file start_26.cif (mmCIF, C-alpha atoms)
data_input
#
loop_
_atom_site.label_atom_id
_atom_site.label_comp_id
_atom_site.auth_asym_id
_atom_site.auth_seq_id
_atom_site.Cartn_x
_atom_site.Cartn_y
_atom_site.Cartn_z
CA MET A 1 -18.75 2.60 85.37
CA ASP A 2 -20.53 5.92 84.74
CA VAL A 3 -23.81 5.79 82.76
CA TRP A 4 -25.06 8.40 80.26
CA LEU A 5 -28.44 8.61 78.56
CA PRO A 6 -28.23 6.91 75.12
CA LEU A 7 -28.25 9.16 72.03
CA GLU A 8 -30.87 8.52 69.37
CA SER A 9 -29.76 7.67 65.82
CA ASN A 10 -31.65 10.70 64.53
CA PRO A 11 -29.63 12.70 61.95
CA GLU A 12 -31.12 16.04 62.96
CA VAL A 13 -30.39 15.47 66.66
CA LEU A 14 -26.83 14.32 65.90
CA THR A 15 -26.20 17.28 63.57
CA ASN A 16 -27.39 19.71 66.27
CA TYR A 17 -25.17 17.89 68.72
CA MET A 18 -22.10 18.36 66.49
CA VAL A 19 -22.77 22.11 66.28
CA LYS A 20 -23.09 22.31 70.10
CA LEU A 21 -19.77 20.49 70.40
CA GLY A 22 -18.17 23.19 68.23
CA VAL A 23 -18.16 21.54 64.79
CA SER A 24 -18.61 23.81 61.77
CA PRO A 25 -22.27 23.88 60.57
CA LEU A 26 -20.91 23.18 57.08
CA TRP A 27 -21.13 19.47 58.06
CA SER A 28 -24.19 17.34 58.82
CA ILE A 29 -25.22 13.78 59.63
CA VAL A 30 -27.68 12.20 57.16
CA ASP A 31 -29.58 8.93 56.92
CA ILE A 32 -28.32 6.36 54.42
CA TYR A 33 -31.34 4.37 53.28
CA GLY A 34 -29.77 1.15 52.08
CA MET A 35 -26.65 -0.70 51.02
CA ASP A 36 -27.10 -1.08 47.28
CA ASP A 37 -25.08 1.13 44.94
CA GLU A 38 -28.08 3.12 43.72
CA LEU A 39 -28.93 4.29 47.26
CA LEU A 40 -25.28 4.89 48.17
CA ASP A 41 -24.83 7.03 45.03
CA MET A 42 -27.63 9.33 46.30
CA VAL A 43 -25.70 10.22 49.48
CA PRO A 44 -24.10 13.71 49.30
CA LYS A 45 -20.33 13.57 48.74
CA PRO A 46 -17.72 13.57 50.11
CA VAL A 47 -18.73 11.15 52.86
CA LYS A 48 -16.19 11.81 55.63
CA SER A 49 -17.34 8.97 57.87
CA LEU A 50 -19.90 6.18 57.95
CA ILE A 51 -21.54 5.74 61.37
CA PHE A 52 -23.12 2.33 61.90
CA LEU A 53 -25.64 1.43 64.60
CA PHE A 54 -26.21 -2.26 65.29
CA PRO A 55 -27.61 -4.51 68.04
CA CYS A 56 -25.08 -6.05 70.44
CA SER A 57 -26.13 -9.66 69.97
CA LYS A 58 -24.38 -12.70 71.44
CA ALA A 59 -22.84 -13.39 68.01
CA HIS A 60 -21.36 -9.88 67.84
CA GLU A 61 -20.02 -10.04 71.39
CA GLU A 62 -18.31 -13.39 70.74
CA TYR A 63 -16.81 -12.09 67.50
CA ARG A 64 -15.56 -8.91 69.23
CA ALA A 65 -13.78 -10.93 71.96
CA LYS A 66 -12.13 -13.22 69.39
CA GLU A 67 -11.07 -10.32 67.17
CA ASP A 68 -9.60 -8.44 70.15
CA GLU A 69 -7.43 -11.44 71.06
CA GLU A 70 -6.20 -11.73 67.46
CA LEU A 71 -5.34 -8.01 67.28
CA LYS A 72 -3.50 -8.16 70.62
CA ALA A 73 -1.37 -11.02 69.26
CA LYS A 74 -0.57 -9.11 66.04
CA ASN A 75 0.49 -5.86 67.79
CA VAL A 76 -0.43 -3.75 64.72
CA GLU A 77 1.06 -0.26 64.33
CA HIS A 78 -1.39 2.52 63.45
CA PRO A 79 -0.59 5.97 62.02
CA LYS A 80 0.04 8.70 64.60
CA SER A 81 -2.61 10.81 62.88
CA LEU A 82 -5.35 8.24 63.72
CA PHE A 83 -7.43 9.44 66.69
CA PHE A 84 -8.86 6.54 68.69
CA THR A 85 -10.37 6.65 72.18
CA ARG A 86 -11.63 3.87 74.41
CA GLN A 87 -15.15 3.93 75.85
CA PHE A 88 -15.41 3.69 79.63
CA VAL A 89 -18.90 5.19 79.99
CA HIS A 90 -22.10 3.19 79.39
CA ASN A 91 -24.16 4.62 76.49
CA ALA A 92 -21.43 7.06 75.38
CA CYS A 93 -20.95 5.17 72.09
CA GLY A 94 -22.94 7.77 70.09
CA THR A 95 -20.71 10.57 71.32
CA ILE A 96 -17.58 8.49 70.74
CA ALA A 97 -18.64 7.63 67.17
CA VAL A 98 -19.17 11.35 66.45
CA ILE A 99 -15.79 12.21 68.02
CA HIS A 100 -14.05 9.51 65.94
CA ALA A 101 -15.78 10.74 62.77
CA ILE A 102 -14.83 14.40 63.32
CA LEU A 103 -11.34 14.15 64.80
CA ASN A 104 -10.10 11.87 62.01
CA ASN A 105 -10.99 14.51 59.42
CA PRO A 106 -8.70 17.45 60.17
CA ASP A 107 -10.24 19.54 57.37
CA ILE A 108 -13.51 19.71 59.37
CA GLU A 109 -13.27 22.95 61.34
CA ILE A 110 -13.83 22.93 65.10
CA GLU A 111 -14.37 26.22 66.88
CA GLU A 112 -11.59 27.39 69.23
CA GLY A 113 -12.64 27.16 72.88
CA SER A 114 -15.51 24.76 72.09
CA VAL A 115 -16.28 21.58 74.06
CA LEU A 116 -14.79 19.31 71.38
CA LYS A 117 -11.71 21.47 70.72
CA LYS A 118 -10.87 21.57 74.43
CA TYR A 119 -11.27 17.79 74.66
CA PHE A 120 -9.09 17.23 71.57
CA ASP A 121 -6.35 19.58 72.80
CA GLY A 122 -6.23 17.69 76.10
CA ALA A 123 -6.48 14.23 74.52
CA LYS A 124 -4.39 14.33 71.32
CA ASP A 125 -1.10 13.32 72.96
CA LEU A 126 -2.61 10.69 75.28
CA SER A 127 -3.02 6.92 74.86
CA PRO A 128 -6.47 5.59 73.82
CA ASP A 129 -7.12 4.48 77.43
CA ASP A 130 -6.20 7.88 78.85
CA ARG A 131 -8.34 9.61 76.21
CA GLY A 132 -11.26 7.46 77.38
CA GLU A 133 -10.65 8.38 81.02
CA LEU A 134 -10.44 12.07 80.07
CA LEU A 135 -13.76 11.79 78.23
CA ASN A 136 -15.27 10.06 81.26
CA LYS A 137 -14.32 13.03 83.46
CA ASN A 138 -15.35 15.70 80.93
CA VAL A 139 -18.30 17.51 82.53
CA ASP A 140 -18.99 19.70 79.44
CA LEU A 141 -19.08 16.72 77.07
CA LYS A 142 -21.42 14.82 79.39
CA ALA A 143 -23.76 17.83 79.75
CA THR A 144 -23.90 18.37 75.96
CA HIS A 145 -24.49 14.64 75.39
CA GLU A 146 -27.32 14.47 77.99
CA GLU A 147 -28.99 17.58 76.57
CA ASN A 148 -29.04 16.02 73.13
CA ALA A 149 -30.10 12.59 74.36
CA GLN A 150 -33.39 14.23 75.39
CA GLU A 151 -34.04 15.84 71.99
CA GLY A 152 -35.00 12.80 69.89
CA GLN A 153 -38.42 11.83 68.56
CA THR A 154 -38.77 8.81 70.82
CA ALA A 155 -39.47 9.08 74.54
CA THR A 156 -36.31 9.82 76.53
CA PRO A 157 -35.15 6.49 77.93
CA ASN A 158 -34.57 5.88 81.61
CA ILE A 159 -30.85 6.11 82.33
CA ASN A 160 -30.93 2.57 83.74
CA ASP A 161 -32.77 0.97 80.81
CA ALA A 162 -30.75 -1.75 79.10
CA VAL A 163 -29.44 -0.49 75.73
CA TYR A 164 -28.58 -3.17 73.22
CA HIS A 165 -27.54 -1.01 70.27
CA HIS A 166 -24.04 0.26 69.65
CA PHE A 167 -22.60 3.05 67.44
CA ILE A 168 -19.25 2.72 65.66
CA ALA A 169 -17.53 4.91 63.04
CA PHE A 170 -15.61 4.12 59.85
CA VAL A 171 -13.02 6.60 58.58
CA GLU A 172 -10.22 6.81 56.02
CA VAL A 173 -6.81 7.67 57.46
CA GLU A 174 -3.67 7.63 55.29
CA GLY A 175 -5.31 5.40 52.68
CA THR A 176 -6.64 2.76 55.09
CA LEU A 177 -10.24 2.09 56.15
CA TYR A 178 -10.53 2.01 59.95
CA GLU A 179 -13.36 0.75 62.12
CA LEU A 180 -13.33 2.70 65.39
CA ASP A 181 -15.24 1.15 68.26
CA GLY A 182 -14.49 2.47 71.75
CA ARG A 183 -15.41 -0.87 73.33
CA LYS A 184 -12.56 -2.55 71.43
CA ASN A 185 -8.99 -2.29 72.66
CA PHE A 186 -7.69 -1.33 69.22
CA PRO A 187 -8.72 0.32 65.95
CA VAL A 188 -9.50 -2.30 63.27
CA ALA A 189 -7.91 -1.81 59.83
CA HIS A 190 -10.01 -3.12 56.92
CA GLY A 191 -7.63 -2.66 54.02
CA LYS A 192 -7.07 0.10 51.51
CA THR A 193 -9.61 2.80 50.75
CA THR A 194 -9.80 6.35 49.39
CA PRO A 195 -11.94 9.34 50.38
CA GLU A 196 -14.05 8.61 47.26
CA THR A 197 -14.59 4.88 47.99
CA LEU A 198 -14.84 5.10 51.80
CA LEU A 199 -18.64 4.76 51.85
CA LYS A 200 -18.88 1.68 49.65
CA ASP A 201 -15.84 0.04 51.27
CA ALA A 202 -17.25 0.62 54.77
CA VAL A 203 -20.64 -0.76 53.72
CA GLN A 204 -18.93 -4.04 52.74
CA VAL A 205 -17.65 -4.33 56.33
CA CYS A 206 -21.14 -3.52 57.68
CA LYS A 207 -22.55 -6.37 55.57
CA LYS A 208 -20.21 -8.76 57.41
CA PHE A 209 -21.59 -7.48 60.74
CA ILE A 210 -25.10 -8.20 59.47
CA GLU A 211 -24.10 -11.71 58.33
CA LEU A 212 -23.12 -12.52 61.94
CA ASP A 213 -26.78 -12.20 62.90
CA PRO A 214 -28.89 -12.77 59.76
CA SER A 215 -32.26 -12.71 61.58
CA GLU A 216 -31.63 -9.19 62.90
CA VAL A 217 -32.95 -6.22 60.92
CA ARG A 218 -32.37 -3.28 63.31
CA PHE A 219 -29.38 -1.63 61.63
CA THR A 220 -28.90 2.07 60.91
CA LEU A 221 -26.40 3.74 58.56
CA LEU A 222 -25.54 7.44 58.88
CA GLY A 223 -23.12 9.56 56.86
CA LEU A 224 -21.05 12.60 57.85
CA VAL A 225 -21.37 14.82 54.77
CA PRO A 226 -21.30 18.48 53.65
CA THR A 227 -24.47 20.32 54.68
CA GLN A 228 -26.80 20.60 51.70
#
call {"tool": "encode", "arguments": {"input": "start_26.cif", "output": "structure tokens"}}
result
Amino acid sequence: MDVWLPLESNPEVLTNYMVKLGVSPLWSIVDIYGMDDELLDMVPKPVKSLIFLFPCSKAHEEYRAKEDEELKAKNVEHPKSLFFTRQFVHNACGTIAVIHAILNNPDIEIEEGSVLKKYFDGAKDLSPDDRGELLNKNVDLKATHEENAQEGQTATPNINDAVYHHFIAFVEVEGTLYELDGRKNFPVAHGKTTPETLLKDAVQVCKKFIELDPSEVRFTLLGLVPTQ
């Protein structure tokens, strides 16, 4: 499996990254400082996606395997408009979370001829597995990712360092809250939501992730919001 440098969960770095991918500068990534209503109410609206960074603990890995088996057995249908790609590249989860956040919000403009627009045009009619393979082979996406992975505040990690944190995205598509994690075989539906309640509904799911590993405190919440 190919290995990329991990992206840092730094809103400024991720916002610059989106612009380099071809996303309109009218949109930014911001820190969300906590899970209580008062802090969530301070986040600029509308929140188009919640991006969640969490440690891949043994408890999470066991839960992911169990959930995957259950979803396979259910054979759930998802709307055609939902864009989901698998992750076949180590450390590409930051890029994949950004892609899931952007491409499931068609009102966010992407520049014609840009890295992301070219990927989307090639991927939109493919299966999630084939989208993941296309991403794996995408030289422009990899180059943009690597460039941004070196822009954070912390020292650039060695490409072979073990990375134990994972990015996922939550989006609203056709009235349903979806968790999109490229390491899972399927999107995960978490019930009804609206564009207005997406943030608070997604945070409730994040709390369940945290309950799986109560001693862990290294969680990060980021929002895709209009640039202020």
call {"tool": "closest_atom_pairs", "arguments": {"input": "start_26.cif", "of": "range 86-168 of chain A", "to": "range 215-226 of chain A", "cutoff": "9 Å", "atoms": "all atoms listed in the file", "output": "CSV"}}
result
residue,atom,partner,partner_atom,distance
A:Val98,CA,A:Leu224,CA,8.9
A:Ala101,CA,A:Leu224,CA,7.4
A:Ile102,CA,A:Leu224,CA,8.5
A:His165,CA,A:Arg218,CA,8.8
call {"tool": "write_last_selection", "arguments": {"input": "start_26.cif", "atoms": "C-alpha atoms", "output": "CSV table (one decimal), keeping the file's coordinate frame"}}
result
chain,number,residue,atom,x,y,z
A,98,VAL,CA,-19.2,11.4,66.4
A,101,ALA,CA,-15.8,10.7,62.8
A,102,ILE,CA,-14.8,14.4,63.3
A,165,HIS,CA,-27.5,-1.0,70.3
call {"tool": "resolve_selection", "arguments": {"input": "start_26.cif", "expression": "the PyMOL selection byres ((chain A and resi 95) around 12)", "output": "VMD selection string"}}
result
chain A and resid 4 to 9 13 to 15 17 to 18 21 51 85 to 87 89 to 94 96 to 103 116 132 135 to 136 141 to 146 148 to 149 166 to 169 181 to 182
call {"tool": "residues_around", "arguments": {"input": "start_26.cif", "residues": "range 41-47 of chain A", "least_positions_apart": "4", "cutoff": "10 Å", "atoms": "all atoms listed in the file", "output": "list in words"}}
result
Ile29, Val30, Asp31, Ile32, Tyr33, Met35, Asp36, Asp37, Val171, Pro195, Glu196, Thr197, Leu198, Leu199, Lys200, Leu222, Gly223, Leu224, Val225, Pro226, Thr227 and Gln228 of chain A
call {"tool": "atom_distance", "arguments": {"input": "start_26.cif", "atom1": "CA of Leu82 in chain A", "atom2": "CA of Val173 in chain A"}}
result
6.5 Å
call {"tool": "atom_distance", "arguments": {"input": "start_26.cif", "atom1": "CA of Ile110 in chain A", "atom2": "CA of Val19 in chain A"}}
result
9.1 Å
call {"tool": "atom_distance", "arguments": {"input": "start_26.cif", "atom1": "CA of Val3 in chain A", "atom2": "CA of Pro55 in chain A"}}
result
18.4 Å
call {"tool": "closest_residue", "arguments": {"input": "start_26.cif", "among": "A:Gln150, A:Asn75, A:Asn105, A:Ser49", "to": "Asp201 in chain A", "atoms": "all atoms listed in the file"}}
result
A:Ser49
call {"tool": "closest_residue", "arguments": {"input": "start_26.cif", "among": "A:Tyr63, A:Glu112, A:Glu151, A:His78", "to": "Glu12 in chain A", "atoms": "all atoms listed in the file"}}
result
A:Glu151
call {"tool": "closest_residue", "arguments": {"input": "start_26.cif", "among": "A:Gln204, A:Thr176, A:Glu133, A:Val139", "to": "Lys118 in chain A", "atoms": "only C-alpha atoms"}}
result
A:Val139
call {"tool": "closest_residue", "arguments": {"input": "start_26.cif", "among": "A:Asn104, A:Asn16, A:Thr193, A:Asn10", "to": "Leu53 in chain A", "atoms": "all atoms listed in the file"}}
result
A:Asn10
call {"tool": "closest_residue", "arguments": {"input": "start_26.cif", "among": "A:Glu109, A:Glu70, A:Ser81, A:Leu134", "to": "Val188 in chain A", "atoms": "all atoms listed in the file"}}
result
A:Glu70
call {"tool": "closest_residue", "arguments": {"input": "start_26.cif", "among": "A:Glu69, A:Phe84, A:Ile108, A:Ala189", "to": "Ala123 in chain A", "atoms": "all atoms listed in the file"}}
result
A:Phe84
call {"tool": "axis_aligned_box", "arguments": {"input": "start_26.cif", "around": "range 63-79 of chain A", "padding_each_side": "4 Å", "output": "lines of an AutoDock Vina configuration file"}}
result
center_x = -7.9
center_y = -3.6
center_z = 67.0
size_x = 25.9
size_y = 27.2
size_z = 17.9
